[in-house]
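**Student:** What follows is input04.txt, compact mmCIF, N, CA and C atoms.
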```
# COMPACT_ATOMS: atom_id res chain seq x y z
N MET A 114 164.43 117.85 -64.96
CA MET A 114 163.49 117.93 -63.85
C MET A 114 164.06 117.24 -62.61
N LYS A 115 164.65 116.05 -62.81
CA LYS A 115 165.23 115.34 -61.67
C LYS A 115 166.36 116.15 -61.05
N ARG A 116 167.14 116.79 -61.90
CA ARG A 116 168.25 117.60 -61.42
C ARG A 116 167.73 118.76 -60.56
N LEU A 117 166.63 119.39 -61.01
CA LEU A 117 166.04 120.50 -60.26
C LEU A 117 165.51 120.03 -58.90
N LEU A 118 164.82 118.90 -58.88
CA LEU A 118 164.31 118.35 -57.63
C LEU A 118 165.45 118.00 -56.68
N PHE A 119 166.52 117.44 -57.22
CA PHE A 119 167.69 117.11 -56.41
C PHE A 119 168.31 118.37 -55.81
N LEU A 120 168.41 119.41 -56.61
CA LEU A 120 168.96 120.68 -56.15
C LEU A 120 168.09 121.29 -55.06
N ILE A 121 166.78 121.29 -55.27
CA ILE A 121 165.85 121.85 -54.28
C ILE A 121 165.93 121.06 -52.97
N SER A 122 165.95 119.73 -53.05
CA SER A 122 166.02 118.93 -51.82
C SER A 122 167.34 119.15 -51.10
N GLY A 123 168.42 119.35 -51.83
CA GLY A 123 169.71 119.65 -51.23
C GLY A 123 169.70 120.99 -50.51
N LEU A 124 169.10 122.00 -51.14
CA LEU A 124 169.01 123.32 -50.52
C LEU A 124 168.15 123.27 -49.25
N LEU A 125 167.05 122.52 -49.32
CA LEU A 125 166.18 122.38 -48.16
C LEU A 125 166.93 121.70 -47.01
N ALA A 126 167.67 120.65 -47.32
CA ALA A 126 168.43 119.95 -46.29
C ALA A 126 169.47 120.87 -45.67
N CYS A 127 170.13 121.67 -46.48
CA CYS A 127 171.13 122.61 -45.96
C CYS A 127 170.48 123.65 -45.06
N SER A 128 169.34 124.17 -45.47
CA SER A 128 168.69 125.21 -44.65
C SER A 128 168.20 124.63 -43.34
N LEU A 129 167.74 123.40 -43.32
CA LEU A 129 167.31 122.77 -42.08
C LEU A 129 168.50 122.50 -41.16
N THR A 130 169.65 122.19 -41.74
CA THR A 130 170.84 121.94 -40.95
C THR A 130 171.26 123.18 -40.19
N PHE A 131 171.07 124.36 -40.78
CA PHE A 131 171.52 125.60 -40.16
C PHE A 131 170.43 126.31 -39.36
N ALA A 132 169.25 125.73 -39.27
CA ALA A 132 168.16 126.35 -38.51
C ALA A 132 168.51 126.32 -37.02
N GLN A 133 168.24 127.42 -36.35
CA GLN A 133 168.52 127.49 -34.92
C GLN A 133 167.52 126.63 -34.15
N ILE A 134 168.03 125.90 -33.20
CA ILE A 134 167.17 125.12 -32.32
C ILE A 134 166.64 126.05 -31.24
N LYS A 135 165.33 125.94 -30.98
CA LYS A 135 164.67 126.76 -29.96
C LYS A 135 164.02 125.82 -28.95
N VAL A 136 164.28 126.07 -27.66
CA VAL A 136 163.81 125.17 -26.61
C VAL A 136 163.12 125.98 -25.52
N VAL A 137 161.95 125.49 -25.09
CA VAL A 137 161.30 126.06 -23.92
C VAL A 137 161.44 125.06 -22.77
N TYR A 138 162.04 125.53 -21.68
CA TYR A 138 162.12 124.75 -20.45
C TYR A 138 160.93 125.17 -19.60
N HIS A 139 160.12 124.21 -19.17
CA HIS A 139 158.88 124.47 -18.45
C HIS A 139 159.07 124.07 -16.98
N LEU A 140 158.96 125.04 -16.07
CA LEU A 140 159.18 124.79 -14.65
C LEU A 140 157.94 125.14 -13.84
N SER A 141 157.48 124.19 -13.02
CA SER A 141 156.31 124.44 -12.18
C SER A 141 156.39 123.73 -10.82
N GLU A 142 157.56 123.15 -10.50
CA GLU A 142 157.64 122.28 -9.32
C GLU A 142 158.45 122.81 -8.16
N GLY A 143 159.05 123.97 -8.23
CA GLY A 143 159.76 124.51 -7.08
C GLY A 143 161.27 124.54 -7.24
N LEU A 144 161.95 124.80 -6.13
CA LEU A 144 163.38 125.05 -6.13
C LEU A 144 164.24 123.86 -6.58
N PRO A 145 163.95 122.62 -6.18
CA PRO A 145 164.77 121.50 -6.66
C PRO A 145 164.73 121.37 -8.20
N GLN A 146 163.55 121.56 -8.78
CA GLN A 146 163.44 121.50 -10.24
C GLN A 146 164.23 122.64 -10.88
N ALA A 147 164.19 123.82 -10.27
CA ALA A 147 164.94 124.96 -10.80
C ALA A 147 166.44 124.69 -10.77
N SER A 148 166.93 124.08 -9.71
CA SER A 148 168.35 123.73 -9.64
C SER A 148 168.74 122.76 -10.74
N ARG A 149 167.90 121.74 -10.95
CA ARG A 149 168.16 120.79 -12.04
C ARG A 149 168.15 121.50 -13.38
N ALA A 150 167.18 122.38 -13.57
CA ALA A 150 167.04 123.07 -14.85
C ALA A 150 168.26 123.94 -15.13
N ILE A 151 168.76 124.64 -14.14
CA ILE A 151 169.93 125.50 -14.35
C ILE A 151 171.12 124.66 -14.80
N GLY A 152 171.32 123.52 -14.17
CA GLY A 152 172.38 122.61 -14.60
C GLY A 152 172.16 122.11 -16.02
N ASN A 153 170.93 121.73 -16.32
CA ASN A 153 170.60 121.26 -17.67
C ASN A 153 170.85 122.35 -18.71
N ILE A 154 170.45 123.57 -18.38
CA ILE A 154 170.60 124.68 -19.33
C ILE A 154 172.08 124.99 -19.55
N ARG A 155 172.87 124.99 -18.50
CA ARG A 155 174.32 125.19 -18.66
C ARG A 155 174.92 124.13 -19.57
N ASN A 156 174.56 122.87 -19.32
CA ASN A 156 175.04 121.77 -20.17
C ASN A 156 174.57 121.94 -21.61
N HIS A 157 173.33 122.34 -21.77
CA HIS A 157 172.75 122.54 -23.10
C HIS A 157 173.54 123.60 -23.86
N LEU A 158 173.81 124.73 -23.19
CA LEU A 158 174.56 125.82 -23.83
C LEU A 158 176.00 125.43 -24.14
N THR A 159 176.59 124.58 -23.31
CA THR A 159 177.94 124.09 -23.60
C THR A 159 177.94 123.24 -24.86
N ALA A 160 176.93 122.37 -24.99
CA ALA A 160 176.83 121.49 -26.15
C ALA A 160 176.43 122.25 -27.41
N ASP A 161 175.60 123.28 -27.26
CA ASP A 161 175.12 124.05 -28.41
C ASP A 161 174.98 125.52 -28.02
N PRO A 162 176.05 126.29 -28.15
CA PRO A 162 176.00 127.69 -27.75
C PRO A 162 175.04 128.55 -28.58
N THR A 163 174.57 128.02 -29.70
CA THR A 163 173.66 128.80 -30.56
C THR A 163 172.19 128.56 -30.24
N VAL A 164 171.89 127.64 -29.32
CA VAL A 164 170.50 127.32 -29.00
C VAL A 164 169.79 128.54 -28.40
N LYS A 165 168.53 128.69 -28.74
CA LYS A 165 167.67 129.74 -28.16
C LYS A 165 166.87 129.08 -27.05
N ILE A 166 167.03 129.56 -25.80
CA ILE A 166 166.34 128.95 -24.65
C ILE A 166 165.46 129.98 -23.97
N VAL A 167 164.21 129.59 -23.73
CA VAL A 167 163.28 130.38 -22.95
C VAL A 167 162.80 129.49 -21.80
N VAL A 168 162.89 130.01 -20.58
CA VAL A 168 162.42 129.30 -19.39
C VAL A 168 161.09 129.93 -19.00
N VAL A 169 160.03 129.11 -18.97
CA VAL A 169 158.70 129.59 -18.59
C VAL A 169 158.33 128.95 -17.27
N THR A 170 157.90 129.80 -16.32
CA THR A 170 157.60 129.32 -14.98
C THR A 170 156.17 129.67 -14.57
N HIS A 171 155.59 128.79 -13.76
CA HIS A 171 154.30 129.07 -13.12
C HIS A 171 154.21 128.21 -11.87
N GLY A 172 153.20 128.45 -11.06
CA GLY A 172 153.07 127.70 -9.81
C GLY A 172 154.32 127.86 -8.96
N LEU A 173 154.73 126.76 -8.33
CA LEU A 173 155.93 126.79 -7.50
C LEU A 173 157.20 127.03 -8.31
N GLY A 174 157.10 126.89 -9.63
CA GLY A 174 158.25 127.09 -10.51
C GLY A 174 158.77 128.51 -10.53
N ILE A 175 157.98 129.47 -10.08
CA ILE A 175 158.43 130.87 -10.09
C ILE A 175 159.37 131.18 -8.93
N ASP A 176 159.40 130.33 -7.91
CA ASP A 176 160.06 130.68 -6.65
C ASP A 176 161.53 131.06 -6.81
N PHE A 177 162.25 130.43 -7.72
CA PHE A 177 163.67 130.75 -7.86
C PHE A 177 163.90 132.10 -8.53
N LEU A 178 162.86 132.66 -9.12
CA LEU A 178 162.96 133.96 -9.78
C LEU A 178 162.48 135.11 -8.88
N LEU A 179 162.27 134.81 -7.61
CA LEU A 179 161.87 135.84 -6.65
C LEU A 179 163.11 136.34 -5.90
N ASP A 180 163.11 137.62 -5.57
CA ASP A 180 164.22 138.22 -4.82
C ASP A 180 164.54 137.39 -3.58
N GLY A 181 165.82 137.11 -3.38
CA GLY A 181 166.27 136.43 -2.18
C GLY A 181 166.23 134.91 -2.23
N ALA A 182 165.73 134.32 -3.33
CA ALA A 182 165.63 132.86 -3.41
C ALA A 182 167.03 132.23 -3.44
N THR A 183 167.18 131.14 -2.68
CA THR A 183 168.46 130.43 -2.64
C THR A 183 168.25 128.95 -2.94
N ASN A 184 169.32 128.30 -3.40
CA ASN A 184 169.25 126.87 -3.67
C ASN A 184 169.51 126.08 -2.39
N GLN A 185 169.59 124.77 -2.50
CA GLN A 185 169.71 123.90 -1.32
C GLN A 185 171.02 124.11 -0.56
N THR A 186 172.02 124.73 -1.20
CA THR A 186 173.28 125.01 -0.50
C THR A 186 173.35 126.46 -0.01
N GLY A 187 172.24 127.19 -0.15
CA GLY A 187 172.20 128.56 0.33
C GLY A 187 172.71 129.60 -0.65
N GLN A 188 173.06 129.19 -1.85
CA GLN A 188 173.54 130.12 -2.87
C GLN A 188 172.35 130.81 -3.54
N PRO A 189 172.41 132.12 -3.72
CA PRO A 189 171.31 132.82 -4.39
C PRO A 189 171.17 132.38 -5.85
N PHE A 190 169.93 132.25 -6.28
CA PHE A 190 169.66 131.93 -7.68
C PHE A 190 169.96 133.11 -8.60
N ALA A 191 169.93 134.32 -8.06
CA ALA A 191 170.07 135.53 -8.87
C ALA A 191 171.35 135.52 -9.72
N GLY A 192 172.45 135.04 -9.16
CA GLY A 192 173.70 134.98 -9.91
C GLY A 192 173.63 134.05 -11.10
N SER A 193 173.05 132.89 -10.88
CA SER A 193 172.91 131.92 -11.98
C SER A 193 171.98 132.45 -13.07
N VAL A 194 170.90 133.10 -12.64
CA VAL A 194 169.96 133.68 -13.61
C VAL A 194 170.66 134.75 -14.43
N SER A 195 171.40 135.64 -13.79
CA SER A 195 172.12 136.70 -14.50
C SER A 195 173.13 136.11 -15.48
N GLU A 196 173.84 135.08 -15.04
CA GLU A 196 174.83 134.41 -15.91
C GLU A 196 174.14 133.86 -17.16
N LEU A 197 173.01 133.20 -16.98
CA LEU A 197 172.31 132.60 -18.13
C LEU A 197 171.71 133.67 -19.03
N VAL A 198 171.19 134.74 -18.44
CA VAL A 198 170.66 135.85 -19.25
C VAL A 198 171.77 136.43 -20.11
N SER A 199 172.98 136.54 -19.57
CA SER A 199 174.10 137.08 -20.35
C SER A 199 174.45 136.18 -21.53
N LYS A 200 173.99 134.92 -21.49
CA LYS A 200 174.22 133.98 -22.59
C LYS A 200 173.00 133.87 -23.50
N GLY A 201 172.01 134.75 -23.29
CA GLY A 201 170.85 134.80 -24.17
C GLY A 201 169.61 134.07 -23.69
N VAL A 202 169.67 133.44 -22.52
CA VAL A 202 168.50 132.73 -22.00
C VAL A 202 167.48 133.76 -21.51
N GLU A 203 166.20 133.50 -21.78
CA GLU A 203 165.12 134.37 -21.31
C GLU A 203 164.32 133.63 -20.23
N PHE A 204 163.87 134.39 -19.24
CA PHE A 204 163.06 133.84 -18.15
C PHE A 204 161.71 134.55 -18.14
N ARG A 205 160.64 133.76 -18.08
CA ARG A 205 159.28 134.31 -18.07
C ARG A 205 158.50 133.75 -16.89
N VAL A 206 157.78 134.65 -16.21
CA VAL A 206 157.03 134.32 -14.99
C VAL A 206 155.54 134.54 -15.24
N CYS A 207 154.73 133.61 -14.78
CA CYS A 207 153.28 133.65 -14.95
C CYS A 207 152.63 134.69 -14.03
N ASN A 208 151.94 135.64 -14.63
CA ASN A 208 151.22 136.64 -13.82
C ASN A 208 150.06 136.01 -13.06
N ASN A 209 149.40 135.01 -13.65
CA ASN A 209 148.30 134.34 -12.93
C ASN A 209 148.80 133.78 -11.59
N THR A 210 150.02 133.22 -11.60
CA THR A 210 150.59 132.70 -10.36
C THR A 210 150.86 133.82 -9.38
N LEU A 211 151.43 134.92 -9.86
CA LEU A 211 151.69 136.06 -8.97
C LEU A 211 150.40 136.54 -8.31
N VAL A 212 149.35 136.67 -9.10
CA VAL A 212 148.07 137.14 -8.57
C VAL A 212 147.49 136.15 -7.57
N SER A 213 147.46 134.86 -7.94
CA SER A 213 146.84 133.87 -7.06
C SER A 213 147.63 133.68 -5.76
N ARG A 214 148.94 133.89 -5.80
CA ARG A 214 149.76 133.74 -4.60
C ARG A 214 149.99 135.09 -3.90
N GLN A 215 149.38 136.12 -4.44
CA GLN A 215 149.48 137.48 -3.87
C GLN A 215 150.93 137.92 -3.71
N ILE A 216 151.68 137.75 -4.80
CA ILE A 216 153.08 138.18 -4.85
C ILE A 216 153.16 139.37 -5.79
N SER A 217 153.76 140.43 -5.32
CA SER A 217 153.91 141.63 -6.14
C SER A 217 154.94 141.38 -7.24
N ALA A 218 154.67 141.89 -8.43
CA ALA A 218 155.59 141.72 -9.56
C ALA A 218 156.95 142.34 -9.27
N ASP A 219 157.04 143.27 -8.36
CA ASP A 219 158.34 143.87 -8.06
C ASP A 219 159.23 142.94 -7.23
N LYS A 220 158.71 141.79 -6.82
CA LYS A 220 159.50 140.77 -6.12
C LYS A 220 160.21 139.83 -7.10
N VAL A 221 159.86 139.94 -8.38
CA VAL A 221 160.46 139.10 -9.43
C VAL A 221 161.80 139.71 -9.83
N LEU A 222 162.81 138.87 -10.03
CA LEU A 222 164.11 139.35 -10.48
C LEU A 222 163.96 140.19 -11.73
N MET A 223 164.74 141.25 -11.83
CA MET A 223 164.59 142.17 -12.96
C MET A 223 164.92 141.51 -14.30
N GLU A 224 165.67 140.42 -14.30
CA GLU A 224 166.00 139.73 -15.55
C GLU A 224 164.83 138.95 -16.13
N ALA A 225 163.80 138.72 -15.33
CA ALA A 225 162.65 137.93 -15.78
C ALA A 225 161.53 138.84 -16.27
N LYS A 226 160.80 138.35 -17.22
CA LYS A 226 159.65 139.07 -17.78
C LYS A 226 158.37 138.41 -17.28
N VAL A 227 157.42 139.20 -16.86
CA VAL A 227 156.12 138.68 -16.44
C VAL A 227 155.23 138.56 -17.67
N VAL A 228 154.64 137.37 -17.85
CA VAL A 228 153.71 137.12 -18.96
C VAL A 228 152.33 136.82 -18.38
N PRO A 229 151.26 137.03 -19.14
CA PRO A 229 149.91 136.82 -18.60
C PRO A 229 149.67 135.43 -18.03
N SER A 230 150.12 134.39 -18.75
CA SER A 230 149.87 133.01 -18.33
C SER A 230 151.05 132.14 -18.71
N GLY A 231 151.59 131.40 -17.75
CA GLY A 231 152.71 130.52 -18.04
C GLY A 231 152.35 129.41 -19.01
N VAL A 232 151.23 128.73 -18.77
CA VAL A 232 150.86 127.62 -19.65
C VAL A 232 150.52 128.13 -21.05
N ALA A 233 149.89 129.27 -21.15
CA ALA A 233 149.60 129.84 -22.47
C ALA A 233 150.90 130.22 -23.18
N GLU A 234 151.88 130.68 -22.43
CA GLU A 234 153.18 131.04 -23.02
C GLU A 234 153.87 129.80 -23.58
N VAL A 235 153.86 128.71 -22.83
CA VAL A 235 154.45 127.46 -23.31
C VAL A 235 153.76 127.01 -24.59
N ALA A 236 152.44 127.04 -24.59
CA ALA A 236 151.68 126.62 -25.78
C ALA A 236 152.00 127.49 -26.98
N LYS A 237 152.08 128.79 -26.78
CA LYS A 237 152.39 129.72 -27.88
C LYS A 237 153.78 129.44 -28.44
N LEU A 238 154.75 129.26 -27.57
CA LEU A 238 156.11 129.01 -28.03
C LEU A 238 156.19 127.72 -28.84
N GLN A 239 155.46 126.69 -28.41
CA GLN A 239 155.46 125.43 -29.14
C GLN A 239 154.70 125.53 -30.46
N ALA A 240 153.48 126.03 -30.41
CA ALA A 240 152.60 126.00 -31.58
C ALA A 240 152.92 127.06 -32.62
N LYS A 241 153.28 128.24 -32.18
CA LYS A 241 153.45 129.35 -33.12
C LYS A 241 154.90 129.70 -33.42
N GLU A 242 155.81 129.34 -32.51
CA GLU A 242 157.19 129.77 -32.70
C GLU A 242 158.18 128.61 -32.86
N GLY A 243 157.66 127.38 -32.89
CA GLY A 243 158.51 126.22 -33.21
C GLY A 243 159.49 125.80 -32.13
N PHE A 244 159.17 126.06 -30.85
CA PHE A 244 160.05 125.66 -29.77
C PHE A 244 159.84 124.19 -29.41
N VAL A 245 160.92 123.51 -29.06
CA VAL A 245 160.88 122.14 -28.54
C VAL A 245 160.64 122.25 -27.04
N TYR A 246 159.85 121.33 -26.51
CA TYR A 246 159.45 121.35 -25.09
C TYR A 246 160.36 120.46 -24.26
N LEU A 247 160.89 121.01 -23.16
CA LEU A 247 161.66 120.21 -22.19
C LEU A 247 161.15 120.52 -20.79
N ARG A 248 161.06 119.47 -19.99
CA ARG A 248 160.64 119.62 -18.59
C ARG A 248 161.66 118.89 -17.73
N PRO A 249 162.58 119.63 -17.12
CA PRO A 249 163.64 118.97 -16.32
C PRO A 249 163.10 118.36 -15.03
```
In structure tokens, how does this file's structure come out?
**Tutor:**
Amino acid sequence: MKRLLFLISGLLACSLTFAQIKVVYHLSEGLPQASRAIGNIRNHLTADPTVKIVVVTHGLGIDFLLDGATNQTGQPFAGSVSELVSKGVEFRVCNNTLVSRQISADKVLMEAKVVPSGVAEVAKLQAKEGFVYLRP
């Protein structure tokens, strides 16, 4: 019996070791936060290329995902977003924010997905899908 329990605990430990880490980055503060987040995400992917990252935005956090948005040095965010999408990062934009700010969904970068509610999306990812929460 002890041998069986030891074997089961060893298998469990091995399976947990190989489980993919899933992280939701939550952005709601505007362009400076988005710039920090992009740097954080690049560093995160360098340290762990297998990590699953979803960026959820609402409020001012959606601004970097709108057509024509640039960072503090005038560089478009679109290139960085495309680069991260090519590495498996997903970007989600709150429809409630689009509606309340009267922004058409066609102004959102094509790499981003519009979701009904940003905060509900963060909660779902944490509670139902096992994502770790980060707020840069």
**Student:** Please list as a list of chain:residue names every residue within 10 Å of Pro229 of chain A, counting only C-alpha atoms and excluding residues in the same chain fewer than 3 positions away.
**Tutor:**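 My list of contacting residues is A:Arg205, A:Val206, A:Cys207, A:Asn208, A:Asn209, A:Thr210, A:Leu211, A:Val232, A:Ala233, A:Glu234.
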**Student:** Could you jot down the atom CA of Leu179 of chain A to atom C of Val221 of chain A separation for me, Å, one decimal place?
**Tutor:**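 Rounded to one decimal, the two atoms are 5.0 Å apart.
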**Student:** I need the residues in segment 124-228 of chain A that are helix (DSSP H, G or I) according to DSSP; give them as a PyMOL selection string.
**Tutor:** chain A and resi 124-130+144-160+172-178+190-199+208-213+218-220
**Student:** Excluding Arg248 of chain A and any residue of its chain fewer than 6 positions from it, enumerate the residues within 10 Å of it, using only C-alpha atoms, and give them as a PyMOL selection string.
**Tutor:** chain A and resi 137-141+146+150+168
**Student:** Separation of atom C of Gly181 of chain A and atom C of Leu222 of chain A, in Å?
**Tutor:**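 Separating atom C of Gly181 of chain A from atom C of Leu222 of chain A is a distance of 11.1 Å.
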**Student:** Rounded to one decimal in Å, what is the spacing between atom CA of Ile216 of chain A and atom CA of Asp176 of chain A?
**Tutor:**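 Taking atom CA of Ile216 of chain A as the start and atom CA of Asp176 of chain A as the end point, the length is 10.4 Å.
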**Student:** Using all atoms listed in the file for the distances, tell me which of A:Gly143, A:Gly201, A:Glu242, A:Ala218 is nearest to His171 of chain A.
**Tutor:**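 When distances to His171 of chain A are compared using all atoms listed in the file, the smallest one comes from A:Gly143.
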**Student:** Up to 8 Å from (167.1, 131.5, -7.8) in the file's coordinates: name the residues, counting all atoms listed in the file, as a list in words.
**Tutor:**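 Those residues lying close to the given coordinates are Leu144, Ala147, Ser148, Ile175, Asp176, Phe177, Leu178, Leu179, Asp180, Gly181, Ala182, Thr183, Asn184, Gln188, Pro189, Phe190, Ala191, Gly192, Ser193 and Val194 of chain A.
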**Student:** Hey, which of A:Gly152, A:Pro145, A:His157, A:Ser199 ends up closest to Gln185 of chain A? Count only N, CA and C atoms.
**Tutor:**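 Between A:Gly152, A:Pro145, A:His157, A:Ser199, the residue approaching Gln185 of chain A most closely is A:Pro145.
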